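Participant: Here's a structure for you.
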Amino acid sequence: MDNNDQILDEFLIEAGEIFDRLDLDFVQLEQTPDDKKLIGNIFRAMHTLKGSSGFFAFHRLEKVAHAGESLLSKIRDGALILNEEMTDVLLDTSDRLREIIAGVQKHRKESEGDDTQLIQALKFLTDGGAGLPKVNVPVASTPAPAEVVQTPAVDVLTEGVAVSADVQQILASAPEGFVQEALEVLKEASIDAAVNEAESSKELTAPIKVSVELLDKLMNLVSEMVLARNRLLSFARTSGDLAFNNTVRRIDSVTLELQERMMKTRMQPISQVWSKFPRLVRDISQDCGKKVELIQVGAETELDRTLLEGIRDPLVHIIRNSIDHGIETPAERIAKGKPEQGTVKLRAFHENGMVVIEIADDGEGINVPLVAQKAIQMGLVSAERAAKLSEREIIDFIYLPGFTTKAQITNLSGRGVGMDVVRTNIQEIGGSVDIATSTHGTRLRLSIPLTLAIMPAVFVRCIDHSYAIPQVNVFEMLRYEPKEGVPGVEDFYGVPVFRLRDKLIPLVFLNHELKLEHTLPPLDQPLNIVIVQAAGIRFGLVVDEVLYMQEVVVKSVGPLLKGTPVYSGSTILGDGRVSLIFDINAIAVRSGIIAKLADNQFEQDVSTNLGASADEQQMLLFDLPGLDRIVIPLDSVDRLEMIAASRIDRRGNEAVVLYGNKIMRLISLAHYVEGATRKSLYGDETLPVIIHYHNGQPVGLIVKRVHNIVKVPTQVVMISPPQQGIMGSVIVNDSVVSILNVEEILNMTGLGHFEDAGLADQFSQSDAISMDQEL
Amino acid sequence: MSRSGAYATFYVDHFFFGIPIAIGVEVTKGQEVTPVPLGPKEVAGFFNLRGNIVTAIDMRVRLGMPKQSYGSDALSIFFQDQDHLFALLVDQVGDFMEVTERTFEEAPSNLDPNARELIVGVHKLADKLLLVLDTHKIVSGINLVQN
């Protein structure tokens, strides 16, 4: 029995794969109806299903597959040309088969059902009929329709039709059993030959199936091994035994590679989700009476498999919107001078350690004035305010729950459950959504992290435990020190707020929010503030200390924290302890930030969306010993870290530090910038380090103090004679700041030389000194 | 819940409890538990057991007894419920013990309803009573929304 169950399971998995393939092939076939190879594929798929269902005695499945196979064989032989009607019926057939299989999966046996009509329709088309009535197949066109599904003899008759009309005549006159057998043998033999032929031409490197649990288990073991390795490394540092140290180094490199390879097993190509879309686009565009072509670029782009599930629904929704709202009817398109057929283009690619998925259509775009008008109607914004909002701010309204511009509710869209769900889903997996629109179409851009399992996080301390904040939520970290005459933390009728570059940022005191402390601390003391953003709202989390940044392996917190949404997961630290990861959205909701400031949402968010304007660039302001106010282009900054001097090792005459899994070269900027005071690196202090990725390798620039991000005019005042390490200077808020010349610094330290000529060209051309961060 | 077989035993206060070994039990000591602010009061926190996140349940709180600081000397008994690992923080861990159905008795009808939910019955040992706990109920009976 168990054995049978196992075989059945295998059959079900195989059937699922076949159906996915079938959907794709059918839609493809409609576009290239004379592709013999494709018809052959579909035919073989149906045949495989029929054969297996015969083995399990699934009669419904067998009969439907059989009828489908008959029609396909005629098409394959060229006796019939595939038309839209046939595709519809064949797709119905595929749906029916899928339905039956789903039933089998649930109940472990075939469920009851009537397929007579479908089989008749198939048979009608097989007979060369056309203009199939939608509801009922005329009884006269098929011989003895009532018996078709019931007796095997008549069933073979149907098959006879597929082979040839002559055979059917012979069948009627010859001894029934004999002909039936002969015919069956003949047909099966020819099909098997075709199947064998196709299979032998396949490549032999067949992948094997491994259960997901096994992979997860292995992944866990690898994480555990990484922790053990970390402990081993700390022993090696204090040991003088050369052989031991060499062994540790070997283990270190093997562990690293193991971890990387293991991560790869979680990655799946995005085509796994996309493969359902051609069928979806076909169905939706038919329902809307529109002609739409789907183009997929980058289907091989890989993404963590848990994330693939998370993007499926948002993508379906966006595609639906594009076809239903975006793309015009053929008549409208022709009138506008666009090609009759609209296109929806899916594009996926990697960028800065994220996977970017773009969904672009060439439709009419979002009607911005209409959105504004709707927003006013729904009371979301006053008419005066709306007039002042930028286009982007108006488009932001479509993310609000219940927002729709459709006057009529169709069964596809217009019910207002749309973009808000898309954005929520994407944000849940740590991604973001961006919309660009014009009269030539709309482009949505989803940025999604490569993997959920590992993410960068900022660790903060509250009382005596450390907590992690996902780095995607973090905007900046700052320390507030009260000064006479400078407004800092103020009381906004019960809400503590902080003035950050002339904007009020509400503050949440984490210790108080977590009920670790029952009173708010006095506002006239230094505060460590982490500026975060949740649901478009920025606020400041006040913590006891900002500790460090680290890539963490995210683990579940288990079932008992379901009622405590402020944590999104947990992680195991290097010393084996567990640290909880905050869900910033949930903290914002809990503290009332979101409800309190909802009306203000669009004002809060503007600068983050827009970034710096064209003639300004965002730069990070920092100090060096003896030389204050230097900026580095934000493009060149990957992260900020605090590194304890005790962690710094020496490699030859270079200072290095173990950073994640990489050895990071540290550069004391003061040694290379003219005017700064050289200072010995080593003390027992903690050094602020700006991490910059150079050819995929992290380089740490040691500075004295990091201030904040400033907007710097791109017009640089050049200095003559030029000073070492400085590109030029600019005026920011009435004071002069110097711009660091990252390229020159890297050259001086011997890091600027490139083996790869292509990269070097790219590098010297870009004057803004931004480099791709290969993570 | 079986009435005979091997039990892992432990003390909370002066009560002697047992959970069936069949569900996979392990005993450790000296785990540093990370507390969960805002979490259910029964959840003492989380710790790491060979790369797995374990939810630690404070048995004193779970049984409605006065809380006592366990510190890093906390003794824990592990078991798995559904797909997650749990640990019970207890006062003292006893031996593994084999019992037969002969000594088993249902819980008396005047048992406190809260305790009745957790205690399946009792084995009459020569010198004391072994209270048999339902591990699944220990976990599933915790009120998740407490704030």
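Following the order of the structure tokens, chains are lettered A, B, ..., residues in each are numbered from 1, and ligands are numbered from 1.
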Got a sec to pull out which chain B residues are within 8 Å of chain A, counting only C-alpha atoms, and send them as a ChimeraX atom specification?
Facilitator: /B:32-34,36-40,43,46-48,50-53,55,84,139,142,144-146
Participant: I need the strand (DSSP E) residues of region 316-461 of chain A per DSSP on the backbone, written as a PyMOL selection string.
Facilitator: chain A and resi 342-351+354-361+432-438+441-449+454-461
Participant: Counting only C-alpha atoms, what is within 6 Å of Ile57 (chain B), bar same-chain residues fewer than 4 positions away, as a list in words?
Facilitator: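 In the requested form, the answer reads Glu42, Val43, Ala44, Leu88 and Leu89 of chain B.
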Participant: Excluding same-chain residues fewer than 2 positions from Thr437 (chain A), what lies within 6 Å of it counting only C-alpha atoms, as a PyMOL selection string?
Facilitator: chain A and resi 365+441-442
Participant: Between CA of Lys109 (chain A) and CA of Leu49 (chain A), what distance in Å does the model show, to one decimal?
Facilitator: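 Computed distance, CA of Lys109 (chain A) to CA of Leu49 (chain A), equals 15.6 Å.
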Participant: For Asn114 (chain B), which residue among B:Lys41, B:His14, B:Lys137, B:Lys128 is the nearest when counting only C-alpha atoms?
Facilitator: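 Smallest distance to Asn114 (chain B) is found for B:Lys137.
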Participant: Check chain B with DSSP on the backbone and list each residue it calls helix (DSSP H, G or I), as a ChimeraX atom specification.
Facilitator: /B:21-23,59-62,71-73,101-103,113-118,135-140
Participant: Need the shell around region 652-668 of chain A: protein/DNA/RNA residues with any atom at most 10 Å away, counting only C-alpha atoms. Skip same-chain ones fewer than 3 positions apart. Format as a PDB file with N, CA and C atoms, in the first residue's frame?
Facilitator:
```pdb
ATOM      1  N   VAL A 226      29.239  27.606  10.771  1.00  0.00           N
ATOM      2  CA  VAL A 226      29.835  28.934  10.677  1.00  0.00           C
ATOM      3  C   VAL A 226      30.099  29.481  12.079  1.00  0.00           C
ATOM      4  N   ASP A 252      38.297  27.346   7.734  1.00  0.00           N
ATOM      5  CA  ASP A 252      37.660  28.622   7.484  1.00  0.00           C
ATOM      6  C   ASP A 252      37.250  28.755   6.017  1.00  0.00           C
ATOM      7  N   SER A 253      38.185  28.449   5.113  1.00  0.00           N
ATOM      8  CA  SER A 253      37.867  28.654   3.697  1.00  0.00           C
ATOM      9  C   SER A 253      36.856  27.627   3.199  1.00  0.00           C
ATOM     10  N   THR A 255      34.522  26.225   5.022  1.00  0.00           N
ATOM     11  CA  THR A 255      33.221  26.604   5.574  1.00  0.00           C
ATOM     12  C   THR A 255      32.589  27.715   4.759  1.00  0.00           C
ATOM     13  N   LEU A 256      33.433  28.661   4.378  1.00  0.00           N
ATOM     14  CA  LEU A 256      32.940  29.789   3.606  1.00  0.00           C
ATOM     15  C   LEU A 256      32.334  29.313   2.290  1.00  0.00           C
ATOM     16  N   GLN A 259      29.104  27.471   2.796  1.00  0.00           N
ATOM     17  CA  GLN A 259      28.000  28.384   3.067  1.00  0.00           C
ATOM     18  C   GLN A 259      27.484  28.997   1.763  1.00  0.00           C
ATOM     19  N   MET A 549      26.755  46.747  12.754  1.00  0.00           N
ATOM     20  CA  MET A 549      25.926  46.170  11.697  1.00  0.00           C
ATOM     21  C   MET A 549      26.464  44.796  11.382  1.00  0.00           C
ATOM     22  N   GLN A 550      25.595  43.906  11.006  1.00  0.00           N
ATOM     23  CA  GLN A 550      26.029  42.555  10.705  1.00  0.00           C
ATOM     24  C   GLN A 550      25.024  41.900   9.784  1.00  0.00           C
ATOM     25  N   GLU A 551      25.516  40.984   8.968  1.00  0.00           N
ATOM     26  CA  GLU A 551      24.608  40.157   8.184  1.00  0.00           C
ATOM     27  C   GLU A 551      24.086  39.073   9.123  1.00  0.00           C
ATOM     28  N   VAL A 552      22.794  38.901   9.174  1.00  0.00           N
ATOM     29  CA  VAL A 552      22.272  37.892  10.090  1.00  0.00           C
ATOM     30  C   VAL A 552      21.485  36.841   9.326  1.00  0.00           C
ATOM     31  N   LEU A 624      37.939  64.147  10.196  1.00  0.00           N
ATOM     32  CA  LEU A 624      39.185  63.406  10.394  1.00  0.00           C
ATOM     33  C   LEU A 624      39.912  64.093  11.537  1.00  0.00           C
ATOM     34  N   GLU A 641      30.243  51.394   9.967  1.00  0.00           N
ATOM     35  CA  GLU A 641      30.457  50.387  10.993  1.00  0.00           C
ATOM     36  C   GLU A 641      31.256  51.003  12.119  1.00  0.00           C
ATOM     37  N   ILE A 643      34.146  49.708  14.472  1.00  0.00           N
ATOM     38  CA  ILE A 643      35.032  48.554  14.611  1.00  0.00           C
ATOM     39  C   ILE A 643      35.974  48.791  15.787  1.00  0.00           C
ATOM     40  N   ALA A 644      35.992  47.831  16.696  1.00  0.00           N
ATOM     41  CA  ALA A 644      36.864  47.946  17.852  1.00  0.00           C
ATOM     42  C   ALA A 644      38.307  47.775  17.395  1.00  0.00           C
ATOM     43  N   ALA A 645      39.189  48.638  17.903  1.00  0.00           N
ATOM     44  CA  ALA A 645      40.587  48.579  17.485  1.00  0.00           C
ATOM     45  C   ALA A 645      41.190  47.216  17.811  1.00  0.00           C
ATOM     46  N   SER A 646      40.660  46.569  18.831  1.00  0.00           N
ATOM     47  CA  SER A 646      41.210  45.268  19.222  1.00  0.00           C
ATOM     48  C   SER A 646      40.937  44.201  18.173  1.00  0.00           C
ATOM     49  N   ARG A 647      39.959  44.453  17.305  1.00  0.00           N
ATOM     50  CA  ARG A 647      39.645  43.450  16.277  1.00  0.00           C
ATOM     51  C   ARG A 647      40.568  43.549  15.070  1.00  0.00           C
ATOM     52  N   ILE A 648      41.339  44.627  15.025  1.00  0.00           N
ATOM     53  CA  ILE A 648      42.138  44.871  13.824  1.00  0.00           C
ATOM     54  C   ILE A 648      43.394  44.011  13.828  1.00  0.00           C
ATOM     55  N   ASP A 649      43.610  43.322  12.738  1.00  0.00           N
ATOM     56  CA  ASP A 649      44.795  42.483  12.583  1.00  0.00           C
ATOM     57  C   ASP A 649      45.712  43.120  11.551  1.00  0.00           C
ATOM     58  N   HIS A 671      45.967  59.472   7.038  1.00  0.00           N
ATOM     59  CA  HIS A 671      47.306  59.322   6.485  1.00  0.00           C
ATOM     60  C   HIS A 671      47.384  59.786   5.039  1.00  0.00           C
ATOM     61  N   TYR A 672      46.259  59.910   4.386  1.00  0.00           N
ATOM     62  CA  TYR A 672      46.273  60.184   2.958  1.00  0.00           C
ATOM     63  C   TYR A 672      45.691  61.543   2.600  1.00  0.00           C
ATOM     64  N   VAL A 673      45.010  62.171   3.535  1.00  0.00           N
ATOM     65  CA  VAL A 673      44.392  63.450   3.208  1.00  0.00           C
ATOM     66  C   VAL A 673      45.256  64.571   3.770  1.00  0.00           C
ATOM     67  N   ARG A 678      48.088  62.880  11.499  1.00  0.00           N
ATOM     68  CA  ARG A 678      48.285  61.426  11.558  1.00  0.00           C
ATOM     69  C   ARG A 678      48.227  60.972  13.002  1.00  0.00           C
ATOM     70  N   LYS A 679      47.582  59.879  13.171  1.00  0.00           N
ATOM     71  CA  LYS A 679      47.374  59.432  14.549  1.00  0.00           C
ATOM     72  C   LYS A 679      47.517  57.925  14.528  1.00  0.00           C
ATOM     73  N   SER A 680      48.083  57.385  15.575  1.00  0.00           N
ATOM     74  CA  SER A 680      48.265  55.940  15.606  1.00  0.00           C
ATOM     75  C   SER A 680      46.894  55.257  15.635  1.00  0.00           C
ATOM     76  N   LEU A 681      46.810  54.140  14.931  1.00  0.00           N
ATOM     77  CA  LEU A 681      45.543  53.431  14.792  1.00  0.00           C
ATOM     78  C   LEU A 681      45.102  52.766  16.082  1.00  0.00           C
ATOM     79  N   VAL A 689      34.008  53.512  10.896  1.00  0.00           N
ATOM     80  CA  VAL A 689      34.589  53.114   9.619  1.00  0.00           C
ATOM     81  C   VAL A 689      33.528  53.240   8.531  1.00  0.00           C
ATOM     82  N   ILE A 690      33.894  53.880   7.433  1.00  0.00           N
ATOM     83  CA  ILE A 690      32.996  53.962   6.275  1.00  0.00           C
ATOM     84  C   ILE A 690      33.353  52.807   5.357  1.00  0.00           C
ATOM     85  N   ILE A 691      32.394  51.955   5.076  1.00  0.00           N
ATOM     86  CA  ILE A 691      32.671  50.788   4.232  1.00  0.00           C
ATOM     87  C   ILE A 691      32.347  51.148   2.790  1.00  0.00           C
ATOM     88  N   TYR A 693      32.617  49.536  -1.169  1.00  0.00           N
ATOM     89  CA  TYR A 693      32.903  48.319  -1.934  1.00  0.00           C
ATOM     90  C   TYR A 693      33.669  48.674  -3.187  1.00  0.00           C
ATOM     91  N   GLN A 697      35.000  43.973  -3.234  1.00  0.00           N
ATOM     92  CA  GLN A 697      35.695  43.772  -1.962  1.00  0.00           C
ATOM     93  C   GLN A 697      35.437  44.968  -1.053  1.00  0.00           C
ATOM     94  N   PRO A 698      35.148  44.714   0.209  1.00  0.00           N
ATOM     95  CA  PRO A 698      34.937  45.852   1.110  1.00  0.00           C
ATOM     96  C   PRO A 698      36.268  46.504   1.476  1.00  0.00           C
ATOM     97  N   VAL A 699      36.268  47.814   1.513  1.00  0.00           N
ATOM     98  CA  VAL A 699      37.428  48.572   1.976  1.00  0.00           C
ATOM     99  C   VAL A 699      36.907  49.478   3.080  1.00  0.00           C
ATOM    100  N   GLY A 700      37.589  49.508   4.206  1.00  0.00           N
ATOM    101  CA  GLY A 700      37.123  50.332   5.318  1.00  0.00           C
ATOM    102  C   GLY A 700      37.934  51.603   5.430  1.00  0.00           C
ATOM    103  N   LEU A 701      37.259  52.746   5.438  1.00  0.00           N
ATOM    104  CA  LEU A 701      37.940  54.022   5.595  1.00  0.00           C
ATOM    105  C   LEU A 701      37.733  54.483   7.035  1.00  0.00           C
ATOM    106  N   ILE A 702      38.832  54.564   7.774  1.00  0.00           N
ATOM    107  CA  ILE A 702      38.719  54.946   9.185  1.00  0.00           C
ATOM    108  C   ILE A 702      38.642  56.466   9.288  1.00  0.00           C
ATOM    109  N   VAL A 703      37.646  56.952   9.995  1.00  0.00           N
ATOM    110  CA  VAL A 703      37.485  58.392  10.178  1.00  0.00           C
ATOM    111  C   VAL A 703      37.399  58.687  11.668  1.00  0.00           C
ATOM    112  N   LYS A 704      37.293  59.963  12.007  1.00  0.00           N
ATOM    113  CA  LYS A 704      37.221  60.298  13.434  1.00  0.00           C
ATOM    114  C   LYS A 704      35.775  60.278  13.910  1.00  0.00           C
ATOM    115  N   ILE A 745      42.501  58.278  -3.258  1.00  0.00           N
ATOM    116  CA  ILE A 745      42.858  57.562  -2.031  1.00  0.00           C
ATOM    117  C   ILE A 745      43.142  56.098  -2.349  1.00  0.00           C
ATOM    118  N   LEU A 746      42.257  55.507  -3.154  1.00  0.00           N
ATOM    119  CA  LEU A 746      42.432  54.094  -3.480  1.00  0.00           C
ATOM    120  C   LEU A 746      43.714  53.892  -4.274  1.00  0.00           C
ATOM    121  N   THR A 749      46.710  53.950  -2.002  1.00  0.00           N
ATOM    122  CA  THR A 749      46.872  52.779  -1.148  1.00  0.00           C
ATOM    123  C   THR A 749      47.139  51.523  -1.953  1.00  0.00           C
ATOM    124  N   LEU A 751      45.180  50.222  -4.134  1.00  0.00           N
ATOM    125  CA  LEU A 751      43.967  49.471  -4.455  1.00  0.00           C
ATOM    126  C   LEU A 751      43.372  49.912  -5.780  1.00  0.00           C
TER     127      LEU A 751
END
```
Participant: Mind pulling up the distance from CA of Tyr480 (chain A) to CA of Ile529 (chain A)?
Facilitator: 7.3 Å
